[in-house]
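Working notes, beginning with the structure itself.
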Amino acid sequence: MKYTALKGIHDIFPPDIYIWKKVESVAEEVLSSYGFHEIRVPIIESTDIFIRSIGETTDIVEKEMYTFPDKAGRSITLRPEGTAPVVRSYIENHLYNMPSPQKFFYAGPMFRYERPQKGRFRQFYQIGAEAFGAAEPKLDAEIISMLKLFLERLSLKELNFEVNSIGCEMCRPDYKKALTAFLGDRTDALCPDCQRRHSHNPLRILDCKVNACIELRKGAPQVTNYLCKECKEHFGELLALLKLLNISHIINPNMVRGLDYYTRTTFEVTSEHLGAQKAVAAGGRYDRLVEEFGGPPTPAIGFAIGMERLVEILKTCQSELETPSPKIFFATIGRQADREGLSIAEKLRSKGIQVELGYGNASLKSQIRRADRLNADYVFIIGEDELKSGRIKWKKLKDASHGEIGIGEIESFSGLFQS
Ligand code: ATP
Ligand code: MG
């Protein structure tokens with residue numbers, strides 16, 4: 001019997017795990033500097049939470065959710081995204097009683113039953129941020145700027161920032177009407193998904209990737225021309241602030257995002273290094289969602305970064321993987337030397353120094369080979385002669401320099417504390 005991970009689901013292990021950890025620590029550092037605090041929400045929630053927030057006629061709800069009954073017959077869903085659980089938690093725990101805006105970030109796995117391909121998995125990780133309680137475009141600009149700073153800290157370049165405004169419940173109906181009128185009686189030519197969308201969710205036709213739909217929507221009215229006065233002002237101010245902050249961006253009137261809860265600002269960061277699935281991060285405003293969930297009226301905005309895609313770019317653009325490596329490798333010959341090696345290793349490890357030992361009576365040569373493969377700084381060789389004389393030989397693998405040291409002096413060996 002051969003066990004394998006489920007289709008579209010991957011393990012993350014060394015050396016890649018160190019890129020993941022680096023990304024997570026940079027995210028925490030940058031997001032903290034903007035006053036975002038970590039929130040940990042469950043991986044499973046009641047199914048209606050997602051249907052209600054993401055929307056019934058979205059790809060996620062129609063096709064992609066891992067939904068199953070629990071033993072009591074309740075419908076449970078593995079979270080396909082993080083915003084809905086955070087909103088649920090915000091309301092349930094009365095977090096709105098704290099001074100606004102409240103800012104949270106999360107990191108963890110999401111689940112979508114999609115067709116696995118490059119950059120698209122069934123379990124994938126996101127780092128997300130959500131800010132509640134401020135309606136002004138200043139927050140939108142700050143959030144986009146925070147995302148840019150985070151990506152810059154990771155030395156990522158050649159990224160495109162795309163922004164759009166999809167209006168609000170006041171002006172969007174007019175736009176929907178205009179769009180449906182534009183498509184008129186040509187809807188038979190749309191892909192089957194868009195034919196369905198046409199009556200319930202026509203905006204989604206704008207970001208359909210099927211050629212026929214791309215063709216058909218050429219010359220379609222643009223949502224930015226239908227914004228009400230308030231939405232227009234909001235978008236205008238956001239664009240002015242992005243200019244002020246030197247954030248170069250593209251206005252993409254077709255970027256409507258796949259989740260129904262968005263209002264006004266939507267944005268996406270794409271990379272030319274990724275091929276077809278090129279969105280690294282995406283987000284937008286959702287000013288109505290908290291209220292629709294039974295909370296007080298609370299404007300909000302958030303985004304999520306796709307970790308796998310980000311790591312993919314880091315791997316293509318940066319060759320160095322920072323895998324932690326041992327400072328010292330004790331190559332030991334014989335049982336007594338083995339014990340001595342173990343005993344010194346334990347003292348050094350208690351000081352936080354990474355130490356590795358030889359195993360399985362391996363020859364000196366093969367122990368040194370392993371030390372080399374582990375990228376150890378020093379090999380300390382302990383055999384019978386060394387035990388007798390109390391002095392052991394060391395070798396620095398990088399430059400082949402070598403020397404001798406008294407066994408009792410190893411702990412204070414100055415080389416151990418330099419990189
Ligand atoms: P896409 O258009 O690529 O399907 P989306 O609109 O479904 O993206 P969001 O729900 O906004 O994506 O999620 C934010 C980010 O999470 C995406 O930009 C992407 O980087 C990542 N992401 C989304 N779905 C997947 C997936 N199935 N596998 C890997 N990463 C994903
Ligand atoms: Mg998707």
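Chains: A, B, ... in order of the structure tokens. Residues: from 1 per chain. Ligands: from 1, in order shown.
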For ligand 2, collect every residue having any atom at a distance of at most 12 Å from a ligand atom (counting only C-alpha atoms and all ligand atoms); output as an mmCIF file with all heavy atoms, in the first residue's frame.
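Dumped to result-v8.cif:
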```cif
data_model
loop_
_atom_site.group_PDB
_atom_site.id
_atom_site.type_symbol
_atom_site.label_atom_id
_atom_site.label_comp_id
_atom_site.auth_asym_id
_atom_site.auth_seq_id
_atom_site.Cartn_x
_atom_site.Cartn_y
_atom_site.Cartn_z
ATOM 1 N N ILE A 54 -19.408 35.108 1.014
ATOM 2 C CA ILE A 54 -18.733 35.044 -0.290
ATOM 3 C C ILE A 54 -19.754 35.200 -1.421
ATOM 4 O O ILE A 54 -19.461 35.803 -2.447
ATOM 5 C CB ILE A 54 -17.946 33.721 -0.413
ATOM 6 C CG1 ILE A 54 -16.874 33.668 0.686
ATOM 7 C CG2 ILE A 54 -17.294 33.586 -1.779
ATOM 8 C CD1 ILE A 54 -16.224 32.318 0.858
ATOM 9 N N THR A 58 -20.859 32.584 -6.568
ATOM 10 C CA THR A 58 -19.422 32.729 -6.808
ATOM 11 C C THR A 58 -18.834 31.346 -7.061
ATOM 12 O O THR A 58 -19.410 30.335 -6.654
ATOM 13 C CB THR A 58 -18.736 33.343 -5.570
ATOM 14 O OG1 THR A 58 -19.041 32.511 -4.444
ATOM 15 C CG2 THR A 58 -19.234 34.741 -5.298
ATOM 16 N N ASP A 59 -17.668 31.326 -7.709
ATOM 17 C CA ASP A 59 -17.009 30.032 -7.974
ATOM 18 C C ASP A 59 -16.763 29.289 -6.679
ATOM 19 O O ASP A 59 -16.941 28.076 -6.602
ATOM 20 C CB ASP A 59 -15.655 30.263 -8.675
ATOM 21 C CG ASP A 59 -15.845 30.624 -10.133
ATOM 22 O OD1 ASP A 59 -17.007 30.618 -10.591
ATOM 23 O OD2 ASP A 59 -14.841 30.920 -10.801
ATOM 24 N N ILE A 60 -16.324 30.021 -5.661
ATOM 25 C CA ILE A 60 -15.973 29.352 -4.399
ATOM 26 C C ILE A 60 -17.173 28.589 -3.860
ATOM 27 O O ILE A 60 -17.093 27.392 -3.580
ATOM 28 C CB ILE A 60 -15.456 30.372 -3.357
ATOM 29 C CG1 ILE A 60 -14.149 31.020 -3.833
ATOM 30 C CG2 ILE A 60 -15.244 29.696 -2.002
ATOM 31 C CD1 ILE A 60 -13.540 32.013 -2.864
ATOM 32 N N VAL A 61 -18.299 29.278 -3.726
ATOM 33 C CA VAL A 61 -19.464 28.635 -3.119
ATOM 34 C C VAL A 61 -20.090 27.605 -4.070
ATOM 35 O O VAL A 61 -20.491 26.520 -3.651
ATOM 36 C CB VAL A 61 -20.488 29.697 -2.661
ATOM 37 C CG1 VAL A 61 -21.804 29.044 -2.257
ATOM 38 C CG2 VAL A 61 -19.916 30.501 -1.496
ATOM 39 N N GLU A 62 -20.126 27.919 -5.339
ATOM 40 C CA GLU A 62 -20.774 26.973 -6.261
ATOM 41 C C GLU A 62 -19.981 25.698 -6.467
ATOM 42 O O GLU A 62 -20.550 24.630 -6.622
ATOM 43 C CB GLU A 62 -20.974 27.644 -7.637
ATOM 44 C CG GLU A 62 -22.162 28.571 -7.664
ATOM 45 C CD GLU A 62 -22.368 29.193 -9.048
ATOM 46 O OE1 GLU A 62 -21.413 29.190 -9.864
ATOM 47 O OE2 GLU A 62 -23.471 29.673 -9.312
ATOM 48 N N LYS A 63 -18.626 25.827 -6.479
ATOM 49 C CA LYS A 63 -17.871 24.648 -6.908
ATOM 50 C C LYS A 63 -16.734 24.235 -5.987
ATOM 51 O O LYS A 63 -16.257 23.119 -6.081
ATOM 52 C CB LYS A 63 -17.203 24.940 -8.276
ATOM 53 C CG LYS A 63 -18.106 25.434 -9.353
ATOM 54 C CD LYS A 63 -17.336 25.522 -10.646
ATOM 55 C CE LYS A 63 -17.496 26.881 -11.273
ATOM 56 N NZ LYS A 63 -16.704 27.103 -12.441
ATOM 57 N N GLU A 64 -16.243 25.157 -5.151
ATOM 58 C CA GLU A 64 -14.924 24.885 -4.599
ATOM 59 C C GLU A 64 -14.885 24.533 -3.110
ATOM 60 O O GLU A 64 -13.819 24.264 -2.574
ATOM 61 C CB GLU A 64 -14.015 26.106 -4.847
ATOM 62 C CG GLU A 64 -13.838 26.416 -6.325
ATOM 63 C CD GLU A 64 -13.102 27.724 -6.595
ATOM 64 O OE1 GLU A 64 -12.764 28.434 -5.635
ATOM 65 O OE2 GLU A 64 -12.878 28.025 -7.776
ATOM 66 N N MET A 65 -16.016 24.536 -2.421
ATOM 67 C CA MET A 65 -15.920 24.357 -0.967
ATOM 68 C C MET A 65 -15.848 22.888 -0.548
ATOM 69 O O MET A 65 -16.506 22.036 -1.108
ATOM 70 C CB MET A 65 -17.089 25.039 -0.276
ATOM 71 C CG MET A 65 -17.044 26.549 -0.440
ATOM 72 S SD MET A 65 -17.812 27.458 0.883
ATOM 73 C CE MET A 65 -19.483 26.892 0.836
ATOM 74 N N PRO A 80 -12.507 28.361 2.961
ATOM 75 C CA PRO A 80 -11.880 28.631 1.661
ATOM 76 C C PRO A 80 -11.146 29.972 1.669
ATOM 77 O O PRO A 80 -10.390 30.278 0.755
ATOM 78 C CB PRO A 80 -13.066 28.691 0.703
ATOM 79 C CG PRO A 80 -14.233 29.075 1.559
ATOM 80 C CD PRO A 80 -13.953 28.621 2.957
ATOM 81 N N GLU A 81 -11.372 30.767 2.694
ATOM 82 C CA GLU A 81 -10.723 32.087 2.798
ATOM 83 C C GLU A 81 -10.851 32.567 4.246
ATOM 84 O O GLU A 81 -11.560 31.950 5.052
ATOM 85 C CB GLU A 81 -11.355 33.081 1.817
ATOM 86 C CG GLU A 81 -12.854 33.273 2.001
ATOM 87 C CD GLU A 81 -13.202 34.564 2.693
ATOM 88 O OE1 GLU A 81 -12.707 35.611 2.275
ATOM 89 O OE2 GLU A 81 -13.974 34.510 3.673
ATOM 90 N N MET A 110 -5.968 27.404 3.703
ATOM 91 C CA MET A 110 -7.314 27.570 3.161
ATOM 92 C C MET A 110 -7.554 26.367 2.240
ATOM 93 O O MET A 110 -6.582 25.751 1.767
ATOM 94 C CB MET A 110 -7.425 28.858 2.324
ATOM 95 C CG MET A 110 -6.996 30.117 3.041
ATOM 96 S SD MET A 110 -8.052 30.470 4.438
ATOM 97 C CE MET A 110 -6.990 31.529 5.413
ATOM 98 N N PHE A 111 -8.820 26.075 1.982
ATOM 99 C CA PHE A 111 -9.146 24.859 1.222
ATOM 100 C C PHE A 111 -10.147 25.176 0.110
ATOM 101 O O PHE A 111 -11.201 25.758 0.386
ATOM 102 C CB PHE A 111 -9.749 23.816 2.164
ATOM 103 C CG PHE A 111 -8.854 23.507 3.342
ATOM 104 C CD1 PHE A 111 -8.864 24.334 4.475
ATOM 105 C CD2 PHE A 111 -7.984 22.432 3.301
ATOM 106 C CE1 PHE A 111 -8.020 24.077 5.552
ATOM 107 C CE2 PHE A 111 -7.137 22.169 4.372
ATOM 108 C CZ PHE A 111 -7.158 22.995 5.500
ATOM 109 N N ARG A 112 -9.774 24.831 -1.097
ATOM 110 C CA ARG A 112 -10.722 25.014 -2.215
ATOM 111 C C ARG A 112 -10.589 23.823 -3.146
ATOM 112 O O ARG A 112 -9.476 23.465 -3.538
ATOM 113 C CB ARG A 112 -10.423 26.315 -2.989
ATOM 114 C CG ARG A 112 -10.671 27.558 -2.160
ATOM 115 C CD ARG A 112 -10.481 28.827 -2.975
ATOM 116 N NE ARG A 112 -10.334 29.975 -2.088
ATOM 117 C CZ ARG A 112 -10.056 31.204 -2.485
ATOM 118 N NH1 ARG A 112 -9.903 31.452 -3.779
ATOM 119 N NH2 ARG A 112 -9.939 32.181 -1.620
ATOM 120 N N TYR A 113 -11.721 23.255 -3.503
ATOM 121 C CA TYR A 113 -11.708 22.105 -4.393
ATOM 122 C C TYR A 113 -11.603 22.605 -5.826
ATOM 123 O O TYR A 113 -12.589 22.727 -6.531
ATOM 124 C CB TYR A 113 -12.967 21.270 -4.173
ATOM 125 C CG TYR A 113 -12.838 19.873 -4.707
ATOM 126 C CD1 TYR A 113 -12.193 18.900 -3.958
ATOM 127 C CD2 TYR A 113 -13.316 19.544 -5.964
ATOM 128 C CE1 TYR A 113 -12.044 17.625 -4.444
ATOM 129 C CE2 TYR A 113 -13.170 18.271 -6.466
ATOM 130 C CZ TYR A 113 -12.539 17.312 -5.710
ATOM 131 O OH TYR A 113 -12.382 16.045 -6.200
ATOM 132 N N GLU A 114 -10.372 22.959 -6.216
ATOM 133 C CA GLU A 114 -10.127 23.485 -7.557
ATOM 134 C C GLU A 114 -9.351 22.450 -8.357
ATOM 135 O O GLU A 114 -8.806 21.510 -7.788
ATOM 136 C CB GLU A 114 -9.278 24.760 -7.480
ATOM 137 C CG GLU A 114 -9.912 25.855 -6.652
ATOM 138 C CD GLU A 114 -9.347 27.215 -6.980
ATOM 139 O OE1 GLU A 114 -9.605 27.699 -8.100
ATOM 140 O OE2 GLU A 114 -8.646 27.795 -6.134
ATOM 141 N N ARG A 115 -9.245 22.668 -9.659
ATOM 142 C CA ARG A 115 -8.424 21.763 -10.450
ATOM 143 C C ARG A 115 -6.954 22.093 -10.179
ATOM 144 O O ARG A 115 -6.511 23.210 -10.456
ATOM 145 C CB ARG A 115 -8.730 21.954 -11.946
ATOM 146 C CG ARG A 115 -8.142 20.856 -12.825
ATOM 147 C CD ARG A 115 -8.700 20.959 -14.240
ATOM 148 N NE ARG A 115 -8.247 22.176 -14.925
ATOM 149 C CZ ARG A 115 -7.034 22.330 -15.457
ATOM 150 N NH1 ARG A 115 -6.175 21.340 -15.414
ATOM 151 N NH2 ARG A 115 -6.698 23.455 -16.049
ATOM 152 N N PRO A 116 -6.198 21.150 -9.595
ATOM 153 C CA PRO A 116 -4.818 21.462 -9.238
ATOM 154 C C PRO A 116 -3.976 21.766 -10.473
ATOM 155 O O PRO A 116 -4.108 21.099 -11.490
ATOM 156 C CB PRO A 116 -4.312 20.189 -8.559
ATOM 157 C CG PRO A 116 -5.525 19.433 -8.183
ATOM 158 C CD PRO A 116 -6.572 19.791 -9.194
ATOM 159 N N GLY A 119 0.460 26.884 -9.252
ATOM 160 C CA GLY A 119 -0.073 28.043 -8.527
ATOM 161 C C GLY A 119 -1.500 27.872 -8.046
ATOM 162 O O GLY A 119 -2.106 28.823 -7.565
ATOM 163 N N ARG A 120 -2.060 26.671 -8.181
ATOM 164 C CA ARG A 120 -3.433 26.443 -7.736
ATOM 165 C C ARG A 120 -3.518 25.093 -7.035
ATOM 166 O O ARG A 120 -3.268 24.062 -7.647
ATOM 167 C CB ARG A 120 -4.365 26.481 -8.951
ATOM 168 C CG ARG A 120 -5.783 26.852 -8.570
ATOM 169 C CD ARG A 120 -6.682 26.977 -9.775
ATOM 170 N NE ARG A 120 -6.638 28.248 -10.483
ATOM 171 C CZ ARG A 120 -6.899 29.430 -9.935
ATOM 172 N NH1 ARG A 120 -7.186 29.514 -8.657
ATOM 173 N NH2 ARG A 120 -6.849 30.524 -10.647
ATOM 174 N N PHE A 121 -3.826 25.136 -5.775
ATOM 175 C CA PHE A 121 -3.827 23.916 -4.971
ATOM 176 C C PHE A 121 -5.151 23.790 -4.232
ATOM 177 O O PHE A 121 -5.947 24.721 -4.196
ATOM 178 C CB PHE A 121 -2.658 23.954 -3.982
ATOM 179 C CG PHE A 121 -1.357 24.263 -4.646
ATOM 180 C CD1 PHE A 121 -0.821 25.544 -4.586
ATOM 181 C CD2 PHE A 121 -0.698 23.295 -5.396
ATOM 182 C CE1 PHE A 121 0.363 25.857 -5.252
ATOM 183 C CE2 PHE A 121 0.475 23.591 -6.061
ATOM 184 C CZ PHE A 121 1.007 24.873 -5.989
ATOM 185 N N ARG A 122 -5.364 22.622 -3.627
ATOM 186 C CA ARG A 122 -6.612 22.430 -2.881
ATOM 187 C C ARG A 122 -6.450 22.820 -1.417
ATOM 188 O O ARG A 122 -7.393 23.247 -0.781
ATOM 189 C CB ARG A 122 -7.081 20.988 -3.046
ATOM 190 C CG ARG A 122 -7.534 20.766 -4.476
ATOM 191 C CD ARG A 122 -8.106 19.399 -4.701
ATOM 192 N NE ARG A 122 -8.706 19.354 -6.028
ATOM 193 C CZ ARG A 122 -9.129 18.252 -6.607
ATOM 194 N NH1 ARG A 122 -9.044 17.090 -5.977
ATOM 195 N NH2 ARG A 122 -9.665 18.301 -7.804
ATOM 196 N N PHE A 124 -4.024 25.507 0.366
ATOM 197 C CA PHE A 124 -2.996 26.511 0.119
ATOM 198 C C PHE A 124 -2.997 27.467 1.301
ATOM 199 O O PHE A 124 -3.923 27.472 2.107
ATOM 200 C CB PHE A 124 -3.250 27.248 -1.209
ATOM 201 C CG PHE A 124 -4.566 27.992 -1.243
ATOM 202 C CD1 PHE A 124 -4.620 29.358 -0.989
ATOM 203 C CD2 PHE A 124 -5.742 27.313 -1.507
ATOM 204 C CE1 PHE A 124 -5.831 30.037 -1.004
ATOM 205 C CE2 PHE A 124 -6.960 27.996 -1.515
ATOM 206 C CZ PHE A 124 -7.006 29.352 -1.269
ATOM 207 N N ARG A 204 -19.137 39.294 -12.656
ATOM 208 C CA ARG A 204 -18.146 38.221 -12.754
ATOM 209 C C ARG A 204 -17.725 37.932 -14.197
ATOM 210 O O ARG A 204 -16.656 37.383 -14.442
ATOM 211 C CB ARG A 204 -18.676 36.931 -12.104
ATOM 212 C CG ARG A 204 -18.861 36.974 -10.612
ATOM 213 C CD ARG A 204 -17.564 37.313 -9.900
ATOM 214 N NE ARG A 204 -16.380 36.724 -10.507
ATOM 215 C CZ ARG A 204 -15.948 35.515 -10.262
ATOM 216 N NH1 ARG A 204 -16.588 34.742 -9.443
ATOM 217 N NH2 ARG A 204 -14.858 35.058 -10.846
ATOM 218 N N ASP A 207 -14.260 39.219 -15.268
ATOM 219 C CA ASP A 207 -12.934 38.614 -15.049
ATOM 220 C C ASP A 207 -12.900 37.136 -15.431
ATOM 221 O O ASP A 207 -12.050 36.399 -14.982
ATOM 222 C CB ASP A 207 -12.374 38.913 -13.658
ATOM 223 C CG ASP A 207 -13.019 38.126 -12.543
ATOM 224 O OD1 ASP A 207 -14.028 37.441 -12.789
ATOM 225 O OD2 ASP A 207 -12.512 38.194 -11.426
ATOM 226 N N CYS A 208 -13.821 36.752 -16.290
ATOM 227 C CA CYS A 208 -13.804 35.385 -16.809
ATOM 228 C C CYS A 208 -12.600 35.255 -17.752
ATOM 229 O O CYS A 208 -12.287 36.161 -18.513
ATOM 230 C CB CYS A 208 -15.096 35.073 -17.557
ATOM 231 S SG CYS A 208 -15.094 33.407 -18.224
ATOM 232 N N LYS A 209 -11.923 34.096 -17.678
ATOM 233 C CA LYS A 209 -10.708 33.924 -18.477
ATOM 234 C C LYS A 209 -10.978 33.221 -19.813
ATOM 235 O O LYS A 209 -10.066 33.002 -20.599
ATOM 236 C CB LYS A 209 -9.657 33.117 -17.687
ATOM 237 C CG LYS A 209 -9.492 33.517 -16.211
ATOM 238 C CD LYS A 209 -8.352 34.490 -16.012
ATOM 239 C CE LYS A 209 -8.064 34.983 -14.592
ATOM 240 N NZ LYS A 209 -9.060 35.019 -13.576
ATOM 241 N N ARG A 257 -12.965 40.953 -8.773
ATOM 242 C CA ARG A 257 -12.742 39.993 -7.697
ATOM 243 C C ARG A 257 -13.863 38.951 -7.602
ATOM 244 O O ARG A 257 -14.989 39.189 -7.985
ATOM 245 C CB ARG A 257 -12.569 40.681 -6.337
ATOM 246 C CG ARG A 257 -11.654 41.877 -6.361
ATOM 247 C CD ARG A 257 -10.175 41.496 -6.309
ATOM 248 N NE ARG A 257 -9.876 40.583 -5.229
ATOM 249 C CZ ARG A 257 -9.618 39.284 -5.413
ATOM 250 N NH1 ARG A 257 -9.595 38.765 -6.602
ATOM 251 N NH2 ARG A 257 -9.355 38.534 -4.404
ATOM 252 N N GLY A 258 -13.511 37.811 -7.064
ATOM 253 C CA GLY A 258 -14.428 36.676 -7.115
ATOM 254 C C GLY A 258 -15.365 36.532 -5.927
ATOM 255 O O GLY A 258 -16.055 35.541 -5.807
ATOM 256 N N LEU A 259 -15.346 37.484 -5.024
ATOM 257 C CA LEU A 259 -16.174 37.350 -3.836
ATOM 258 C C LEU A 259 -17.179 38.493 -3.802
ATOM 259 O O LEU A 259 -16.823 39.633 -4.082
ATOM 260 C CB LEU A 259 -15.294 37.354 -2.566
ATOM 261 C CG LEU A 259 -14.168 36.309 -2.595
ATOM 262 C CD1 LEU A 259 -12.872 36.919 -3.063
ATOM 263 C CD2 LEU A 259 -14.002 35.659 -1.242
ATOM 264 N N GLN A 277 -1.432 31.768 -13.310
ATOM 265 C CA GLN A 277 -1.985 32.177 -12.014
ATOM 266 C C GLN A 277 -1.081 33.266 -11.448
ATOM 267 O O GLN A 277 -0.222 32.989 -10.626
ATOM 268 C CB GLN A 277 -2.065 31.010 -11.019
ATOM 269 C CG GLN A 277 -2.496 29.688 -11.588
ATOM 270 C CD GLN A 277 -3.786 29.770 -12.374
ATOM 271 O OE1 GLN A 277 -4.603 30.639 -12.138
ATOM 272 N NE2 GLN A 277 -3.940 28.884 -13.326
ATOM 273 N N LYS A 278 -1.255 34.486 -11.910
ATOM 274 C CA LYS A 278 -0.233 35.483 -11.574
ATOM 275 C C LYS A 278 -0.572 36.388 -10.407
ATOM 276 O O LYS A 278 0.224 37.234 -10.035
ATOM 277 C CB LYS A 278 0.181 36.280 -12.807
ATOM 278 C CG LYS A 278 -0.927 37.033 -13.462
ATOM 279 C CD LYS A 278 -0.446 37.544 -14.792
ATOM 280 C CE LYS A 278 -1.533 38.370 -15.418
ATOM 281 N NZ LYS A 278 -1.209 39.641 -15.838
ATOM 282 N N ALA A 279 -1.751 36.228 -9.813
ATOM 283 C CA ALA A 279 -2.086 37.080 -8.665
ATOM 284 C C ALA A 279 -1.413 36.563 -7.396
ATOM 285 O O ALA A 279 -1.599 35.424 -7.007
ATOM 286 C CB ALA A 279 -3.593 37.128 -8.477
ATOM 287 N N VAL A 280 -0.598 37.412 -6.798
ATOM 288 C CA VAL A 280 0.108 37.038 -5.571
ATOM 289 C C VAL A 280 -0.721 37.434 -4.358
ATOM 290 O O VAL A 280 -0.702 36.791 -3.321
ATOM 291 C CB VAL A 280 1.454 37.795 -5.467
ATOM 292 C CG1 VAL A 280 2.252 37.301 -4.283
ATOM 293 C CG2 VAL A 280 2.235 37.693 -6.730
ATOM 294 N N ALA A 281 -1.417 38.545 -4.480
ATOM 295 C CA ALA A 281 -2.194 39.039 -3.349
ATOM 296 C C ALA A 281 -3.391 39.795 -3.897
ATOM 297 O O ALA A 281 -3.337 40.352 -4.994
ATOM 298 C CB ALA A 281 -1.349 39.969 -2.488
ATOM 299 N N ALA A 282 -4.476 39.772 -3.129
ATOM 300 C CA ALA A 282 -5.673 40.446 -3.609
ATOM 301 C C ALA A 282 -6.541 40.842 -2.436
ATOM 302 O O ALA A 282 -6.507 40.208 -1.384
ATOM 303 C CB ALA A 282 -6.451 39.514 -4.532
ATOM 304 N N GLY A 306 -1.196 34.991 -1.355
ATOM 305 C CA GLY A 306 -1.060 33.548 -1.616
ATOM 306 C C GLY A 306 0.378 33.127 -1.375
ATOM 307 O O GLY A 306 1.277 33.501 -2.122
#
```
What are the closest atom pairs, with distances in Å to one decimal, for each residue of range 272-362 of chain A lying within 12 Å of range 5-29 of chain A, using only C-alpha atoms, rows by chain and rising residue number, as JSON lines?
```
{"residue": "A:Ala304", "atom": "CA", "partner": "A:Ala27", "partner_atom": "CA", "distance": 11.6}
{"residue": "A:Ile305", "atom": "CA", "partner": "A:Ala27", "partner_atom": "CA", "distance": 10.1}
{"residue": "A:Gly306", "atom": "CA", "partner": "A:Val23", "partner_atom": "CA", "distance": 11.2}
{"residue": "A:Met307", "atom": "CA", "partner": "A:Trp20", "partner_atom": "CA", "distance": 7.7}
{"residue": "A:Glu308", "atom": "CA", "partner": "A:Trp20", "partner_atom": "CA", "distance": 8.7}
{"residue": "A:Arg309", "atom": "CA", "partner": "A:Trp20", "partner_atom": "CA", "distance": 11.1}
{"residue": "A:Leu310", "atom": "CA", "partner": "A:Val23", "partner_atom": "CA", "distance": 8.6}
{"residue": "A:Val311", "atom": "CA", "partner": "A:Ile19", "partner_atom": "CA", "distance": 6.7}
{"residue": "A:Glu312", "atom": "CA", "partner": "A:Asp16", "partner_atom": "CA", "distance": 9.8}
{"residue": "A:Ile313", "atom": "CA", "partner": "A:Ile19", "partner_atom": "CA", "distance": 10.8}
{"residue": "A:Leu314", "atom": "CA", "partner": "A:Ile19", "partner_atom": "CA", "distance": 7.9}
{"residue": "A:Lys315", "atom": "CA", "partner": "A:Ile19", "partner_atom": "CA", "distance": 8.4}
{"residue": "A:Gln318", "atom": "CA", "partner": "A:Ile19", "partner_atom": "CA", "distance": 10.3}
{"residue": "A:Ser319", "atom": "CA", "partner": "A:Ile19", "partner_atom": "CA", "distance": 11.1}
{"residue": "A:Glu320", "atom": "CA", "partner": "A:Ile19", "partner_atom": "CA", "distance": 9.8}
{"residue": "A:Leu321", "atom": "CA", "partner": "A:Pro15", "partner_atom": "CA", "distance": 6.9}
{"residue": "A:Glu322", "atom": "CA", "partner": "A:Tyr18", "partner_atom": "CA", "distance": 6.4}
{"residue": "A:Thr323", "atom": "CA", "partner": "A:Pro15", "partner_atom": "CA", "distance": 5.8}
{"residue": "A:Pro324", "atom": "CA", "partner": "A:Tyr18", "partner_atom": "CA", "distance": 8.2}
{"residue": "A:Ser325", "atom": "CA", "partner": "A:Pro15", "partner_atom": "CA", "distance": 10.9}
```
Problem - Which of A:Lys396, A:His200, A:Lys243, A:His37 sits closest to Asp260 in chain A [using only C-alpha atoms] - result: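 Using only C-alpha atoms, Asp260 in chain A sits closest to A:His200.
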Handout entry: Which of A:Gln336, A:Ser271, A:Asn225, A:Ser145 sits closest to ligand 1 [using only C-alpha atoms and all ligand atoms]
Key =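 Under the stated criterion, the closest residue is A:Ser271.
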Problem - For Ile392 in chain A, the nearest of the candidates A:Glu409, A:Cys171, A:Glu291, A:Ala129, counting only C-alpha atoms - result: A:Glu409
Exercise for the section: Pick out the residues sitting within 12 Å of Val41 in chain A, and hand them over as a ChimeraX atom specification; count only C-alpha atoms, and ignore anything fewer than 4 positions along from it in its own chain. Expected result: /A:45,78-79,81-90,92-93,104-110,128
Handout entry: Backbone DSSP call of alpha helix (DSSP H) for range 160-189 of chain A, listed as number ranges by chain
Key = A: 172-183
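Residue neighbourhood of Gln354 in chain A, excluding near-sequence residues (fewer than 4 positions): Ser325, Pro326, Lys327, Ile328, Leu348 and Arg349 of chain A, at 8 Å, using only C-alpha atoms.
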Output the selection as a PDB file, in the first residue's frame - N, CA, C and O atoms for each residue.
```pdb
ATOM      1  N   SER A 325      22.329  25.849   9.473  1.00  0.00           N
ATOM      2  CA  SER A 325      23.313  24.768   9.385  1.00  0.00           C
ATOM      3  C   SER A 325      24.104  24.695  10.691  1.00  0.00           C
ATOM      4  O   SER A 325      24.199  25.677  11.421  1.00  0.00           O
ATOM      5  N   PRO A 326      24.672  23.526  10.977  1.00  0.00           N
ATOM      6  CA  PRO A 326      25.382  23.375  12.252  1.00  0.00           C
ATOM      7  C   PRO A 326      26.632  24.251  12.313  1.00  0.00           C
ATOM      8  O   PRO A 326      27.316  24.448  11.314  1.00  0.00           O
ATOM      9  N   LYS A 327      26.885  24.777  13.503  1.00  0.00           N
ATOM     10  CA  LYS A 327      28.149  25.481  13.741  1.00  0.00           C
ATOM     11  C   LYS A 327      29.262  24.439  13.826  1.00  0.00           C
ATOM     12  O   LYS A 327      30.340  24.625  13.275  1.00  0.00           O
ATOM     13  N   ILE A 328      28.979  23.370  14.566  1.00  0.00           N
ATOM     14  CA  ILE A 328      29.994  22.340  14.778  1.00  0.00           C
ATOM     15  C   ILE A 328      29.437  20.968  14.460  1.00  0.00           C
ATOM     16  O   ILE A 328      28.290  20.663  14.801  1.00  0.00           O
ATOM     17  N   LEU A 348      26.927  22.845  24.470  1.00  0.00           N
ATOM     18  CA  LEU A 348      26.860  23.914  23.467  1.00  0.00           C
ATOM     19  C   LEU A 348      25.413  24.187  23.058  1.00  0.00           C
ATOM     20  O   LEU A 348      24.995  25.330  22.897  1.00  0.00           O
ATOM     21  N   ARG A 349      24.626  23.125  22.882  1.00  0.00           N
ATOM     22  CA  ARG A 349      23.224  23.298  22.482  1.00  0.00           C
ATOM     23  C   ARG A 349      22.456  24.068  23.542  1.00  0.00           C
ATOM     24  O   ARG A 349      21.566  24.862  23.217  1.00  0.00           O
TER      25      ARG A 349
END
```
